[in-house]
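Heads up: the structure comes next, in structure tokens.
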Amino acid sequence: MNILVLCTGNSCRSQLAEGYLRKFAGDKANIYSAGIETHGVNPRAIATMKEDGIDISKHTSNYADEYANIDFDYIITVCDNAKEACPVFPSKAKKFHFNFPDPAKATGTEEEIIAQFRAVREMIKDYTQNFVKENLTH
């Protein structure tokens with residue numbers, strides 16, 4: 001099984017989803033994440049995941065077309081922009097979409113911004129846990 005998570009900049013939401021999918025899918029799937037642009041992995045995303053015991057500090061920010069030769073079983077878009085601008089992958093992949101808020105756009109005090117990251121992390125954690133339960137338990 002190959003799963004690709006797509007977002008705009010592959011810096012935050014797709015990185016969180018990749019981290020959780022790796023945890024919940026274990027050896028049932030190869031997990032990739034990419035963007036239609038690359039913005040580097042957001043340091044707050046790394047810190048927020050570390051709070052939940054997942055290390056994404058070695059993740060890289062990748063362009064979607066880097067994975068054009070991989071036959072994906074599932075493609076998950078985690079923001080509307082990526083869904084609309086997503087490169088076409090000629091494959092049998094089942095496509096899933098959920099528009100998570102972008103914590104990288106959060107404003108306010110540092111604590112308010114971190115709270116947004118934590119809230120989105122929890123949404124993505126629930127989504128990915130359910131995704132694995134519903135799609136990879138065969």
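Letters for chains follow the order of the structure tokens (A, B, ...), residue numbers begin at 1 for each chain, and ligand numbers begin at 1 in the order shown.
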Residue list (alpha helix (DSSP H), DSSP) for chain A, as a PDB file with C-alpha atoms, in the first residue's frame:
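This went into result_24.pdb:
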```pdb
ATOM      1  CA  ARG A  13      -0.889  19.747   7.775  1.00  0.00           C
ATOM      2  CA  SER A  14       0.495  17.127   5.401  1.00  0.00           C
ATOM      3  CA  GLN A  15       3.499  16.647   7.696  1.00  0.00           C
ATOM      4  CA  LEU A  16       1.237  16.083  10.714  1.00  0.00           C
ATOM      5  CA  ALA A  17      -0.838  13.608   8.688  1.00  0.00           C
ATOM      6  CA  GLU A  18       2.267  11.779   7.458  1.00  0.00           C
ATOM      7  CA  GLY A  19       3.514  11.426  11.036  1.00  0.00           C
ATOM      8  CA  TYR A  20       0.233  10.000  12.293  1.00  0.00           C
ATOM      9  CA  LEU A  21      -0.327   7.748   9.287  1.00  0.00           C
ATOM     10  CA  ARG A  22       3.150   6.264   9.797  1.00  0.00           C
ATOM     11  CA  LYS A  23       2.257   5.606  13.448  1.00  0.00           C
ATOM     12  CA  PHE A  24      -1.232   4.176  12.881  1.00  0.00           C
ATOM     13  CA  ALA A  25      -0.533   2.233   9.657  1.00  0.00           C
ATOM     14  CA  PRO A  43       9.187  24.199  13.333  1.00  0.00           C
ATOM     15  CA  ARG A  44       5.917  24.530  15.272  1.00  0.00           C
ATOM     16  CA  ALA A  45       4.585  21.414  13.517  1.00  0.00           C
ATOM     17  CA  ILE A  46       7.700  19.542  14.633  1.00  0.00           C
ATOM     18  CA  ALA A  47       7.314  20.814  18.231  1.00  0.00           C
ATOM     19  CA  THR A  48       3.579  20.040  18.340  1.00  0.00           C
ATOM     20  CA  MET A  49       4.092  16.472  17.141  1.00  0.00           C
ATOM     21  CA  LYS A  50       6.961  15.975  19.605  1.00  0.00           C
ATOM     22  CA  GLU A  51       4.487  16.800  22.403  1.00  0.00           C
ATOM     23  CA  ASP A  80      -8.828  22.850  -0.554  1.00  0.00           C
ATOM     24  CA  ASN A  81      -5.990  24.572  -2.403  1.00  0.00           C
ATOM     25  CA  ALA A  82      -4.121  21.284  -2.879  1.00  0.00           C
ATOM     26  CA  LYS A  83      -7.303  19.528  -3.993  1.00  0.00           C
ATOM     27  CA  GLU A  84      -7.960  22.153  -6.642  1.00  0.00           C
ATOM     28  CA  ALA A  85      -4.356  22.552  -7.806  1.00  0.00           C
ATOM     29  CA  GLU A 110       2.703  32.506  20.831  1.00  0.00           C
ATOM     30  CA  GLU A 111       0.405  30.559  23.171  1.00  0.00           C
ATOM     31  CA  GLU A 112      -2.624  31.242  20.943  1.00  0.00           C
ATOM     32  CA  ILE A 113      -0.696  30.119  17.866  1.00  0.00           C
ATOM     33  CA  ILE A 114       0.499  26.945  19.604  1.00  0.00           C
ATOM     34  CA  ALA A 115      -3.100  26.273  20.674  1.00  0.00           C
ATOM     35  CA  GLN A 116      -4.132  26.395  16.991  1.00  0.00           C
ATOM     36  CA  PHE A 117      -1.379  23.926  16.094  1.00  0.00           C
ATOM     37  CA  ARG A 118      -2.530  21.581  18.868  1.00  0.00           C
ATOM     38  CA  ALA A 119      -6.173  21.822  17.777  1.00  0.00           C
ATOM     39  CA  VAL A 120      -5.339  20.990  14.162  1.00  0.00           C
ATOM     40  CA  ARG A 121      -2.990  18.225  15.321  1.00  0.00           C
ATOM     41  CA  GLU A 122      -5.861  16.603  17.229  1.00  0.00           C
ATOM     42  CA  MET A 123      -8.199  16.895  14.211  1.00  0.00           C
ATOM     43  CA  ILE A 124      -5.592  15.276  11.964  1.00  0.00           C
ATOM     44  CA  LYS A 125      -4.832  12.606  14.561  1.00  0.00           C
ATOM     45  CA  ASP A 126      -8.522  11.618  14.717  1.00  0.00           C
ATOM     46  CA  TYR A 127      -8.895  11.722  10.926  1.00  0.00           C
ATOM     47  CA  THR A 128      -5.809   9.579  10.245  1.00  0.00           C
ATOM     48  CA  GLN A 129      -6.671   7.075  12.971  1.00  0.00           C
ATOM     49  CA  ASN A 130     -10.141   6.624  11.449  1.00  0.00           C
ATOM     50  CA  PHE A 131      -8.697   6.482   7.930  1.00  0.00           C
ATOM     51  CA  VAL A 132      -6.396   3.603   8.886  1.00  0.00           C
ATOM     52  CA  LYS A 133      -9.188   1.816  10.745  1.00  0.00           C
ATOM     53  CA  GLU A 134     -11.573   2.098   7.795  1.00  0.00           C
ATOM     54  CA  ASN A 135      -9.149   1.494   4.912  1.00  0.00           C
TER      55      ASN A 135
END
```
message: Env of segment 31-35 of chain A: 8 Å cut, atoms = only C-alpha atoms, seq-sep filter 2 positions within chain, self excluded. Answer as a list of chain:residue names.
response: A:Asn2, A:Ile3, A:Leu4, A:Val5, A:Leu6, A:Cys7, A:Thr8, A:Gly9, A:Asn10, A:Ser14, A:Gln15, A:Glu18, A:Leu21, A:Arg22, A:Ala29, A:Glu37, A:Thr38, A:Ser61, A:Asn62, A:Tyr63, A:Ala64, A:Ala82
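A straight line drawn from atom CA of Ala68 of chain A to atom CA of Gly40 of chain A is 20.1 Å long.
Within chain A, residues classed as strand (DSSP E or B) by DSSP on backbone coordinates are Asn2, Ile3, Leu4, Val5, Leu6, Cys7, Asn30, Ile31, Tyr32, Ser33, Ala34, Gly35, Tyr63, Tyr74, Ile75, Ile76, Thr77, Lys94, Lys95, Phe96 and His97 of chain A.
If you look at atom CA of Asn42 of chain A and atom CA of Lys105 of chain A, they are 11.4 Å away from each other.
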- request: Using only C-alpha atoms, determine which residues lie at most 8 Å from Ser91 of chain A, disregarding the query and same-chain residues fewer than 4 positions distant; provide the list as a PyMOL selection string.
  value: chain A and resi 71-73
Output the selection as an mmCIF file, in the first residue's frame - all heavy atoms for each residue.
```cif
data_model
loop_
_atom_site.group_PDB
_atom_site.id
_atom_site.type_symbol
_atom_site.label_atom_id
_atom_site.label_comp_id
_atom_site.auth_asym_id
_atom_site.auth_seq_id
_atom_site.Cartn_x
_atom_site.Cartn_y
_atom_site.Cartn_z
ATOM 1 N N ASP A 71 2.949 4.199 -7.749
ATOM 2 C CA ASP A 71 1.546 3.840 -7.941
ATOM 3 C C ASP A 71 0.854 3.910 -6.580
ATOM 4 O O ASP A 71 1.008 3.019 -5.753
ATOM 5 C CB ASP A 71 1.449 2.439 -8.541
ATOM 6 C CG ASP A 71 0.055 2.122 -9.025
ATOM 7 O OD1 ASP A 71 -0.746 3.061 -9.207
ATOM 8 O OD2 ASP A 71 -0.242 0.935 -9.203
ATOM 9 N N PHE A 72 0.113 4.978 -6.359
ATOM 10 C CA PHE A 72 -0.533 5.179 -5.064
ATOM 11 C C PHE A 72 -1.873 4.464 -4.987
ATOM 12 O O PHE A 72 -2.621 4.412 -5.958
ATOM 13 C CB PHE A 72 -0.718 6.678 -4.767
ATOM 14 C CG PHE A 72 0.575 7.357 -4.443
ATOM 15 C CD1 PHE A 72 1.217 8.135 -5.387
ATOM 16 C CD2 PHE A 72 1.165 7.188 -3.201
ATOM 17 C CE1 PHE A 72 2.428 8.743 -5.097
ATOM 18 C CE2 PHE A 72 2.379 7.789 -2.896
ATOM 19 C CZ PHE A 72 3.006 8.569 -3.850
ATOM 20 N N ASP A 73 -2.160 3.925 -3.813
ATOM 21 C CA ASP A 73 -3.457 3.300 -3.544
ATOM 22 C C ASP A 73 -4.438 4.337 -3.015
ATOM 23 O O ASP A 73 -5.638 4.246 -3.262
ATOM 24 C CB ASP A 73 -3.281 2.167 -2.520
ATOM 25 C CG ASP A 73 -2.374 1.082 -3.061
ATOM 26 O OD1 ASP A 73 -2.832 0.301 -3.906
ATOM 27 O OD2 ASP A 73 -1.188 1.058 -2.661
#
```
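For the pair atom CA of Lys92 of chain A and atom CA of Asn69 of chain A, the interatomic distance is 13.1 Å.
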